[in-house]
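So this block is entry.pdb, PDB, C-alpha atoms and all ligand atoms:
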ATOM      1  CA  MET A   1      52.666  90.779 -11.757
ATOM      2  CA  SER A   2      50.200  89.077  -9.436
ATOM      3  CA  GLU A   3      46.492  89.714 -10.026
ATOM      4  CA  LEU A   4      45.987  90.667  -6.391
ATOM      5  CA  SER A   5      47.864  93.515  -4.774
ATOM      6  CA  PRO A   6      50.173  92.540  -1.903
ATOM      7  CA  VAL A   7      48.965  95.699  -0.130
ATOM      8  CA  TYR A   8      45.374  96.248   1.006
ATOM      9  CA  GLY A   9      43.370  98.639   3.168
ATOM     10  CA  PRO A  10      43.946 100.470   5.383
ATOM     11  CA  VAL A  11      41.367  98.613   7.445
ATOM     12  CA  HIS A  12      40.430  99.466  11.013
ATOM     13  CA  SER A  13      41.999  97.179  13.569
ATOM     14  CA  TRP A  14      40.722  97.096  17.157
ATOM     15  CA  ARG A  15      44.306  96.690  18.257
ATOM     16  CA  PHE A  16      46.247  98.990  15.976
ATOM     17  CA  GLY A  17      44.037 101.721  14.441
ATOM     18  CA  ASN A  18      44.165 102.270  10.664
ATOM     19  CA  SER A  19      46.180  99.321   9.563
ATOM     20  CA  LEU A  20      47.655  98.909   6.113
ATOM     21  CA  GLY A  21      47.715  95.206   5.326
ATOM     22  CA  ILE A  22      50.877  93.734   3.850
ATOM     23  CA  ASP A  23      50.440  90.339   2.247
ATOM     24  CA  MET A  24      53.765  88.622   1.558
ATOM     25  CA  ILE A  25      52.008  85.581   0.059
ATOM     26  CA  VAL A  26      49.003  86.518  -2.155
ATOM     27  CA  GLN A  27      46.978  84.219  -4.451
ATOM     28  CA  ARG A  28      46.708  81.041  -2.337
ATOM     29  CA  SER A  29      46.305  80.834   1.435
ATOM     30  CA  THR A  30      49.535  79.355   2.787
ATOM     31  CA  CYS A  31      50.282  78.715   6.447
ATOM     32  CA  SER A  32      51.951  76.258   8.817
ATOM     33  CA  PHE A  33      48.681  76.273  10.772
ATOM     34  CA  ASN A  34      45.116  75.639   9.648
ATOM     35  CA  CYS A  35      43.271  77.240  12.552
ATOM     36  CA  VAL A  36      39.653  76.248  13.030
ATOM     37  CA  TYR A  37      38.742  79.941  13.200
ATOM     38  CA  CYS A  38      40.906  81.260  10.344
ATOM     39  CA  GLN A  39      39.277  84.150   8.500
ATOM     40  CA  LEU A  40      40.823  82.745   5.314
ATOM     41  CA  GLY A  41      38.861  79.512   5.647
ATOM     42  CA  HIS A  42      40.533  76.119   5.218
ATOM     43  CA  ILE A  43      44.197  76.803   4.385
ATOM     44  CA  GLN A  44      45.018  75.721   0.840
ATOM     45  CA  ASP A  45      48.744  75.035   1.375
ATOM     46  CA  ILE A  46      49.546  73.838   4.904
ATOM     47  CA  THR A  47      53.320  74.030   5.017
ATOM     48  CA  GLY A  48      56.277  75.357   6.946
ATOM     49  CA  ASP A  49      58.422  75.665   3.810
ATOM     50  CA  GLN A  50      59.787  79.156   3.353
ATOM     51  CA  ARG A  51      60.302  80.831   0.010
ATOM     52  CA  ILE A  52      59.778  84.115  -1.803
ATOM     53  CA  PHE A  53      56.139  84.333  -2.840
ATOM     54  CA  VAL A  54      56.015  87.889  -4.192
ATOM     55  CA  PRO A  55      59.132  89.739  -5.409
ATOM     56  CA  THR A  56      60.162  92.600  -3.123
ATOM     57  CA  SER A  57      60.110  95.031  -6.058
ATOM     58  CA  GLU A  58      56.439  94.247  -6.661
ATOM     59  CA  ILE A  59      55.548  94.918  -3.023
ATOM     60  CA  ILE A  60      57.569  98.142  -2.931
ATOM     61  CA  ALA A  61      55.835  99.334  -6.103
ATOM     62  CA  ALA A  62      52.463  98.763  -4.402
ATOM     63  CA  LEU A  63      53.644 100.591  -1.270
ATOM     64  CA  GLU A  64      54.624 103.597  -3.365
ATOM     65  CA  ARG A  65      50.977 103.957  -4.447
ATOM     66  CA  VAL A  66      49.695 104.145  -0.835
ATOM     67  CA  ASP A  67      48.380 107.350   0.756
ATOM     68  CA  TRP A  68      50.481 107.060   3.900
ATOM     69  CA  THR A  69      48.683 109.966   5.602
ATOM     70  CA  GLN A  70      45.796 107.513   6.168
ATOM     71  CA  VAL A  71      47.978 104.824   7.736
ATOM     72  CA  ASP A  72      48.694 104.406  11.456
ATOM     73  CA  VAL A  73      50.540 101.138  11.135
ATOM     74  CA  ALA A  74      51.597  98.573   8.550
ATOM     75  CA  THR A  75      50.507  95.088   9.579
ATOM     76  CA  PHE A  76      51.968  91.919   8.083
ATOM     77  CA  SER A  77      49.254  89.285   7.968
ATOM     78  CA  GLY A  78      47.393  88.662   4.704
ATOM     79  CA  SER A  79      46.948  85.312   2.990
ATOM     80  CA  GLY A  80      48.830  83.236   5.518
ATOM     81  CA  GLU A  81      51.887  83.153   7.746
ATOM     82  CA  PRO A  82      54.118  86.142   6.879
ATOM     83  CA  THR A  83      57.343  84.596   8.208
ATOM     84  CA  LEU A  84      57.127  81.987   5.449
ATOM     85  CA  ALA A  85      58.304  84.769   3.109
ATOM     86  CA  LEU A  86      62.090  84.905   2.920
ATOM     87  CA  ASN A  87      62.056  88.551   1.803
ATOM     88  CA  ILE A  88      59.954  89.898   4.692
ATOM     89  CA  HIS A  89      62.899  91.849   6.152
ATOM     90  CA  GLU A  90      63.332  93.788   2.913
ATOM     91  CA  VAL A  91      59.756  95.029   3.064
ATOM     92  CA  ILE A  92      59.910  95.798   6.788
ATOM     93  CA  HIS A  93      63.069  97.808   6.173
ATOM     94  CA  ALA A  94      61.496  99.753   3.301
ATOM     95  CA  ILE A  95      58.474 100.763   5.381
ATOM     96  CA  ARG A  96      60.573 101.803   8.372
ATOM     97  CA  SER A  97      63.188 103.716   6.393
ATOM     98  CA  ARG A  98      61.087 105.294   3.638
ATOM     99  CA  TRP A  99      57.723 105.916   5.306
ATOM    100  CA  ASN A 100      58.710 105.844   8.988
ATOM    101  CA  LYS A 101      55.585 103.979  10.090
ATOM    102  CA  PRO A 102      55.243 101.403  12.874
ATOM    103  CA  VAL A 103      55.331  97.821  11.627
ATOM    104  CA  MET A 104      53.426  94.975  13.294
ATOM    105  CA  ILE A 105      54.078  91.354  12.466
ATOM    106  CA  LEU A 106      51.237  88.954  13.220
ATOM    107  CA  THR A 107      52.936  85.583  13.312
ATOM    108  CA  ASN A 108      51.707  82.143  14.290
ATOM    109  CA  SER A 109      55.054  81.649  16.087
ATOM    110  CA  THR A 110      55.808  78.299  14.454
ATOM    111  CA  LEU A 111      58.995  79.359  12.633
ATOM    112  CA  LEU A 112      60.516  81.436  15.419
ATOM    113  CA  GLY A 113      62.776  78.613  16.515
ATOM    114  CA  ASP A 114      64.889  79.441  13.466
ATOM    115  CA  PRO A 115      67.388  82.245  14.283
ATOM    116  CA  ALA A 116      67.433  83.534  10.692
ATOM    117  CA  THR A 117      63.642  83.855  10.683
ATOM    118  CA  ARG A 118      63.701  85.814  13.942
ATOM    119  CA  GLN A 119      66.430  88.116  12.692
ATOM    120  CA  ARG A 120      64.324  89.062   9.675
ATOM    121  CA  LEU A 121      61.690  90.501  12.023
ATOM    122  CA  TYR A 122      63.765  92.656  14.313
ATOM    123  CA  GLU A 123      63.273  95.955  12.496
ATOM    124  CA  ALA A 124      59.518  95.673  13.209
ATOM    125  CA  THR A 125      58.093  97.738  16.066
ATOM    126  CA  THR A 126      55.866  94.919  17.339
ATOM    127  CA  ILE A 127      56.032  91.155  16.931
ATOM    128  CA  ALA A 128      52.694  89.643  17.960
ATOM    129  CA  CYS A 129      53.044  85.894  18.491
ATOM    130  CA  LYS A 130      50.083  83.545  18.431
ATOM    131  CA  LEU A 131      49.640  81.281  21.454
ATOM    132  CA  ASP A 132      46.286  79.486  21.642
ATOM    133  CA  ALA A 133      47.262  76.197  23.266
ATOM    134  CA  ALA A 134      49.203  74.971  26.270
ATOM    135  CA  ASP A 135      49.450  71.349  25.137
ATOM    136  CA  ASP A 136      49.855  69.519  21.865
ATOM    137  CA  GLU A 137      46.377  67.983  21.917
ATOM    138  CA  THR A 138      44.739  71.421  22.029
ATOM    139  CA  LEU A 139      47.224  72.686  19.442
ATOM    140  CA  ARG A 140      46.030  69.932  17.089
ATOM    141  CA  LYS A 141      42.374  70.740  17.789
ATOM    142  CA  VAL A 142      42.582  74.536  17.470
ATOM    143  CA  ASN A 143      45.539  75.293  15.204
ATOM    144  CA  ARG A 144      45.815  72.012  13.239
ATOM    145  CA  PRO A 145      49.549  72.515  12.529
ATOM    146  CA  ALA A 146      51.803  71.134   9.824
ATOM    147  CA  PRO A 147      53.752  68.044  11.021
ATOM    148  CA  GLY A 148      56.511  68.536  13.577
ATOM    149  CA  ILE A 149      55.139  71.645  15.287
ATOM    150  CA  THR A 150      54.665  71.388  19.058
ATOM    151  CA  VAL A 151      53.772  73.779  21.868
ATOM    152  CA  ASP A 152      57.320  73.418  23.226
ATOM    153  CA  SER A 153      58.831  74.451  19.893
ATOM    154  CA  ILE A 154      56.506  77.457  19.768
ATOM    155  CA  ILE A 155      57.319  78.589  23.311
ATOM    156  CA  ASP A 156      61.060  78.175  22.744
ATOM    157  CA  GLY A 157      60.813  80.273  19.579
ATOM    158  CA  ILE A 158      58.913  83.108  21.249
ATOM    159  CA  ALA A 159      61.214  83.093  24.271
ATOM    160  CA  ALA A 160      64.216  83.349  21.949
ATOM    161  CA  ILE A 161      62.970  86.746  20.776
ATOM    162  CA  ARG A 162      63.549  87.975  24.314
ATOM    163  CA  SER A 163      66.931  86.298  24.717
ATOM    164  CA  ASP A 164      68.073  87.691  21.348
ATOM    165  CA  GLY A 165      67.620  91.166  22.852
ATOM    166  CA  TYR A 166      64.805  92.366  20.577
ATOM    167  CA  THR A 167      64.052  95.956  21.623
ATOM    168  CA  GLY A 168      60.584  96.348  20.079
ATOM    169  CA  THR A 169      57.252  95.307  21.599
ATOM    170  CA  LEU A 170      56.813  91.576  22.098
ATOM    171  CA  ALA A 171      53.116  90.686  22.195
ATOM    172  CA  LEU A 172      51.204  87.444  22.600
ATOM    173  CA  GLN A 173      47.931  87.042  20.713
ATOM    174  CA  CYS A 174      45.623  84.428  22.209
ATOM    175  CA  MET A 175      42.370  83.363  20.573
ATOM    176  CA  PHE A 176      39.930  81.814  23.038
ATOM    177  CA  LEU A 177      37.009  79.665  21.985
ATOM    178  CA  PRO A 178      35.095  76.933  23.795
ATOM    179  CA  THR A 179      37.752  74.354  22.833
ATOM    180  CA  ASN A 180      40.586  76.052  24.723
ATOM    181  CA  ARG A 181      38.921  78.265  27.324
ATOM    182  CA  ALA A 182      39.753  75.745  30.062
ATOM    183  CA  GLU A 183      43.446  76.210  29.242
ATOM    184  CA  ALA A 184      43.534  79.838  30.318
ATOM    185  CA  GLU A 185      45.540  79.145  33.470
ATOM    186  CA  ARG A 186      48.138  77.057  31.661
ATOM    187  CA  ILE A 187      48.409  79.604  28.856
ATOM    188  CA  ALA A 188      48.857  82.235  31.573
ATOM    189  CA  GLU A 189      51.742  80.186  33.023
ATOM    190  CA  LEU A 190      53.405  80.067  29.612
ATOM    191  CA  ALA A 191      52.866  83.801  29.230
ATOM    192  CA  ALA A 192      54.535  84.338  32.598
ATOM    193  CA  ARG A 193      57.585  82.456  31.310
ATOM    194  CA  ILE A 194      57.749  84.618  28.197
ATOM    195  CA  GLN A 195      57.008  87.962  29.927
ATOM    196  CA  PRO A 196      55.572  89.732  26.868
ATOM    197  CA  ASP A 197      55.006  93.484  26.835
ATOM    198  CA  GLU A 198      51.429  93.051  25.610
ATOM    199  CA  ILE A 199      48.822  90.291  25.473
ATOM    200  CA  HIS A 200      45.957  90.503  22.985
ATOM    201  CA  LEU A 201      42.915  88.421  23.930
ATOM    202  CA  ASN A 202      40.485  87.594  21.178
ATOM    203  CA  THR A 203      37.593  85.306  20.327
ATOM    204  CA  PRO A 204      36.458  84.373  16.813
ATOM    205  CA  ARG A 205      33.761  86.874  15.961
ATOM    206  CA  ARG A 206      34.273  86.580  12.227
ATOM    207  CA  PRO A 207      32.387  83.824  10.445
ATOM    208  CA  TYR A 208      34.536  81.011   9.061
ATOM    209  CA  PRO A 209      34.414  81.039   5.248
ATOM    210  CA  ARG A 210      34.027  77.642   3.636
ATOM    211  CA  GLN A 211      36.657  78.618   1.076
ATOM    212  CA  TRP A 212      39.358  81.242   0.549
ATOM    213  CA  TYR A 213      38.439  84.492  -1.140
ATOM    214  CA  PRO A 214      40.752  87.482  -1.585
ATOM    215  CA  GLU A 215      38.914  89.988   0.606
ATOM    216  CA  ALA A 216      39.099  87.627   3.574
ATOM    217  CA  ARG A 217      42.668  88.675   4.235
ATOM    218  CA  GLY A 218      41.635  92.192   5.263
ATOM    219  CA  ASN A 219      38.312  91.312   6.792
ATOM    220  CA  HIS A 220      36.902  94.462   5.218
ATOM    221  CA  ASN A 221      34.082  92.668   3.455
ATOM    222  CA  PRO A 222      31.501  91.681   6.085
ATOM    223  CA  ASN A 223      29.359  90.082   3.370
ATOM    224  CA  ALA A 224      31.556  87.214   2.342
ATOM    225  CA  PRO A 225      30.861  86.062  -1.241
ATOM    226  CA  VAL A 226      31.137  82.424  -0.115
ATOM    227  CA  PRO A 227      29.142  80.383   2.407
ATOM    228  CA  THR A 228      30.299  80.882   5.998
ATOM    229  CA  ILE A 229      29.955  79.146   9.339
ATOM    230  CA  GLN A 230      29.317  81.169  12.484
ATOM    231  CA  LEU A 231      31.793  80.020  15.121
ATOM    232  CA  LYS A 232      31.147  79.609  18.824
ATOM    233  CA  THR A 233      32.784  82.303  20.919
ATOM    234  CA  ILE A 234      33.427  82.563  24.605
ATOM    235  CA  THR A 235      31.013  84.659  26.672
ATOM    236  CA  LEU A 236      31.729  88.097  28.080
ATOM    237  CA  GLU A 237      31.902  86.582  31.579
ATOM    238  CA  GLU A 238      34.443  84.013  30.410
ATOM    239  CA  ALA A 239      36.467  86.695  28.650
ATOM    240  CA  VAL A 240      36.575  88.811  31.819
ATOM    241  CA  ALA A 241      37.643  85.789  33.889
ATOM    242  CA  ILE A 242      40.373  84.873  31.384
ATOM    243  CA  GLU A 243      41.637  88.437  31.326
ATOM    244  CA  ARG A 244      41.939  88.409  35.122
ATOM    245  CA  ILE A 245      43.875  85.131  35.077
ATOM    246  CA  ILE A 246      46.260  86.354  32.378
ATOM    247  CA  GLN A 247      46.805  89.777  33.940
ATOM    248  CA  ALA A 248      47.511  88.239  37.353
ATOM    249  CA  ALA A 249      50.122  85.946  35.811
ATOM    250  CA  VAL A 250      51.866  88.759  33.922
ATOM    251  CA  PRO A 251      51.226  91.983  35.876
ATOM    252  CA  ARG A 252      53.705  93.984  33.809
ATOM    253  CA  ALA A 253      51.978  93.224  30.505
ATOM    254  CA  LYS A 254      49.417  95.505  28.907
ATOM    255  CA  VAL A 255      46.396  93.289  28.260
ATOM    256  CA  LEU A 256      44.021  94.160  25.411
ATOM    257  CA  SER A 257      40.713  92.327  25.148
ATOM    258  CA  VAL A 258      38.461  92.368  22.112
ATOM    259  CA  TYR A 259      35.488  92.382  24.497
ATOM    260  CA  ARG A 260      36.645  95.488  26.351
ATOM    261  CA  ASP A 261      38.463  97.337  23.595
ATOM    262  CA  ALA A 262      36.181  96.479  20.659
ATOM    263  CA  PRO A 263      32.769  95.629  22.131
ATOM    264  CA  ALA A 264      30.283  94.113  19.709
ATOM    265  CA  ALA A 265      27.825  96.496  18.119
TER     266      ALA A 265
HETATM  267  S1  LIG A 301      47.888  81.197  11.814
HETATM  268 FE1  LIG A 301      46.594  82.843  11.010
HETATM  269  S2  LIG A 301      46.625  82.578   8.779
HETATM  270 FE2  LIG A 301      47.396  80.680   9.683
HETATM  271  S3  LIG A 301      45.603  79.366   9.811
HETATM  272 FE3  LIG A 301      45.820  80.419  11.802
HETATM  273  S4  LIG A 301      44.549  82.246  11.649
HETATM  274 FE4  LIG A 301      44.863  81.473   9.553
END

Take the structure in the file and give it back as structure tokens.
Amino acid sequence: MSELSPVYGPVHSWRFGNSLGIDMIVQRSTCSFNCVYCQLGHIQDITGDQRIFVPTSEIIAALERVDWTQVDVATFSGSGEPTLALNIHEVIHAIRSRWNKPVMILTNSTLLGDPATRQRLYEATTIACKLDAADDETLRKVNRPAPGITVDSIIDGIAAIRSDGYTGTLALQCMFLPTNRAEAERIAELAARIQPDEIHLNTPRRPYPRQWYPEARGNHNPNAPVPTIQLKTITLEEAVAIERIIQAAVPRAKVLSVYRDAPAA
């Protein structure tokens, strides 16, 4: 058994309500990105290699101990990129069939070009795909990807969810910070190509930990036990302007903004 549970929370999410965190990775932060704003800090294993990190039986056993009356949604996020886990579909299926709760996948979109990876996600109620950059230079600055990942490969992967006929909610999640705020119009153009059902606009309000620590995955410990760096965010005025640009490009999409829907205390 792993020392850390693959299930944590529920924690309150500005997007989803009481969100039970599902961590398919546990122990070391592992991701095909190393975002400058990652709440996990500098990613320990930057890789696009998929494998089984935690046995399905161990995750199911943890799910059986949950008080599901307190859960609005199960969210796959945790210690890195959830689509790296080859058994993710087994856990999604268990939650949908045994506890009948909505399932949200927060993915960095980098593995969606692989049909088998996409298929593993299709029992989820929402697939929220990260899109922070409209060109490869910004991708390198903001998301610092593993080798071989490009904006084109990301867009093709997200668009394939639509062409596969996925019937759940397709969302884009866009993190804006001073480095990419000038790309709002080009990101809006890409969003218009994808035609998502929802777009979640965010800015890094959480301090960047200098190293990984377990509670970082749920963000339910505001007093990080490690040194942190406060990141620069965009301003309210910039957030409002970006929201207008994005909404105009994709009128059919429901746009959520952390500034409007979860104003700072
Ligand atoms: S994609 Fe998510 S987990 Fe991976 S580095 Fe970026 S913020 Fe962290």

For this session: Have a look at A:Phe53, A:Tyr8, A:Trp99, A:Trp212 and name the one nearest to ligand LIG 301 (chain A); count only C-alpha atoms and all ligand atoms.
Result: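 Nearest candidate to ligand LIG 301 (chain A) out of A:Phe53, A:Tyr8, A:Trp99, A:Trp212: A:Trp212.
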
Please enumerate the residues selected by the PyMOL selection byres (((not hetatm)) within 9 of (chain A and resi 301)) when evaluated against the supplied file, formatted as a PyMOL selection string.
chain A and resi 29-43+46+77-82+106-110+130+142-145+217

Written as a PyMOL selection string, what is the full residue list that the PyMOL selection byres (((chain A and resi 55-62) around 10) and not hetatm) yields on the file shown? chain A and resi 1-2+5-8+22-25+52-54+63-66+85-91+94-95

Q.
What's around A:Ala253 at 9 Å? Count all atoms listed in the file, leave out sequence neighbours fewer than 4 positions away in its own chain, and write the answer as a ChimeraX atom specification.
A. /A:171,195-199,247

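Going from atom CA of A:Pro209 to atom CA of A:Arg260 covers 25.7 Å.
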
| Atomic separation - atom CA of A:Arg186 relative to atom CA of A:Leu112, Å |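 Interatomic distance here is 20.9 Å.
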
request  = Tell me, in Å to one decimal, how far atom CA of A:Ala216 is from atom CA of A:Ser97.
outcome  =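 Distance reported for this atom pair: 29.1 Å.
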
- Message: Quick one: residues within 8 Å of stretch 229-235 of chain A, all atoms listed in the file, excluding same-chain residues fewer than 4 positions away - as a VMD selection string?
- Response: chain A and resid 37 176 to 178 181 203 to 210 239

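Applied to the file shown here, the PyMOL selection byres (((chain A and resi 11-20) around 9) and not hetatm) selects the residues Val7, Tyr8, Gly9, Pro10, Gly21, Ile22, Val66, Trp68, Gln70, Val71, Asp72, Val73, Ala74, Thr75, Phe76, Met104, His200, Gly218, Asn219, His220, Leu256, Ser257, Val258, Asp261 and Ala262 of chain A.
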
Okay, now the selection with C-alpha atoms, as a PDB file, in the frame of the given file?
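Saved as again-v8.pdb:
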ATOM      1  CA  VAL A   7      48.965  95.699  -0.130  1.00  0.00           C
ATOM      2  CA  TYR A   8      45.374  96.248   1.006  1.00  0.00           C
ATOM      3  CA  GLY A   9      43.370  98.639   3.168  1.00  0.00           C
ATOM      4  CA  PRO A  10      43.946 100.470   5.383  1.00  0.00           C
ATOM      5  CA  GLY A  21      47.715  95.206   5.326  1.00  0.00           C
ATOM      6  CA  ILE A  22      50.877  93.734   3.850  1.00  0.00           C
ATOM      7  CA  VAL A  66      49.695 104.145  -0.835  1.00  0.00           C
ATOM      8  CA  TRP A  68      50.481 107.060   3.900  1.00  0.00           C
ATOM      9  CA  GLN A  70      45.796 107.513   6.168  1.00  0.00           C
ATOM     10  CA  VAL A  71      47.978 104.824   7.736  1.00  0.00           C
ATOM     11  CA  ASP A  72      48.694 104.406  11.456  1.00  0.00           C
ATOM     12  CA  VAL A  73      50.540 101.138  11.135  1.00  0.00           C
ATOM     13  CA  ALA A  74      51.597  98.573   8.550  1.00  0.00           C
ATOM     14  CA  THR A  75      50.507  95.088   9.579  1.00  0.00           C
ATOM     15  CA  PHE A  76      51.968  91.919   8.083  1.00  0.00           C
ATOM     16  CA  MET A 104      53.426  94.975  13.294  1.00  0.00           C
ATOM     17  CA  HIS A 200      45.957  90.503  22.985  1.00  0.00           C
ATOM     18  CA  GLY A 218      41.635  92.192   5.263  1.00  0.00           C
ATOM     19  CA  ASN A 219      38.312  91.312   6.792  1.00  0.00           C
ATOM     20  CA  HIS A 220      36.902  94.462   5.218  1.00  0.00           C
ATOM     21  CA  LEU A 256      44.021  94.160  25.411  1.00  0.00           C
ATOM     22  CA  SER A 257      40.713  92.327  25.148  1.00  0.00           C
ATOM     23  CA  VAL A 258      38.461  92.368  22.112  1.00  0.00           C
ATOM     24  CA  ASP A 261      38.463  97.337  23.595  1.00  0.00           C
ATOM     25  CA  ALA A 262      36.181  96.479  20.659  1.00  0.00           C
TER      26      ALA A 262
END

**Request:** List the neighbours of A:Thr150 out to 10 Å using only C-alpha atoms; skip same-chain residues closer than 3 positions along the sequence, and give me the result as JSON, numbers by chain.
**Result:** {"A": [110, 133, 134, 135, 136, 137, 139, 140, 145, 146, 147, 153, 154, 155]}

Around all the atoms of stretch 124-137 of chain A listed in the file, draw an axis-aligned box and extend it by 6 Å on each of the six sides; I want its centre and edge lengths in Å to one decimal, as AutoDock Vina command-line options.
--center_x 52.9 --center_y 82.9 --center_z 19.7 --size_x 25.2 --size_y 41.8 --size_z 25.1

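Across A:Glu243, A:Asp156, A:Glu183, A:Asp132, the tightest approach to A:Gly113 is made by A:Asp156 when counting only C-alpha atoms.
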
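Between A:Arg162 and the candidates A:Ala182, A:Ile242, A:Ile194, A:Leu236, the tightest atom-to-atom separation, counting only C-alpha atoms, involves A:Ile194.
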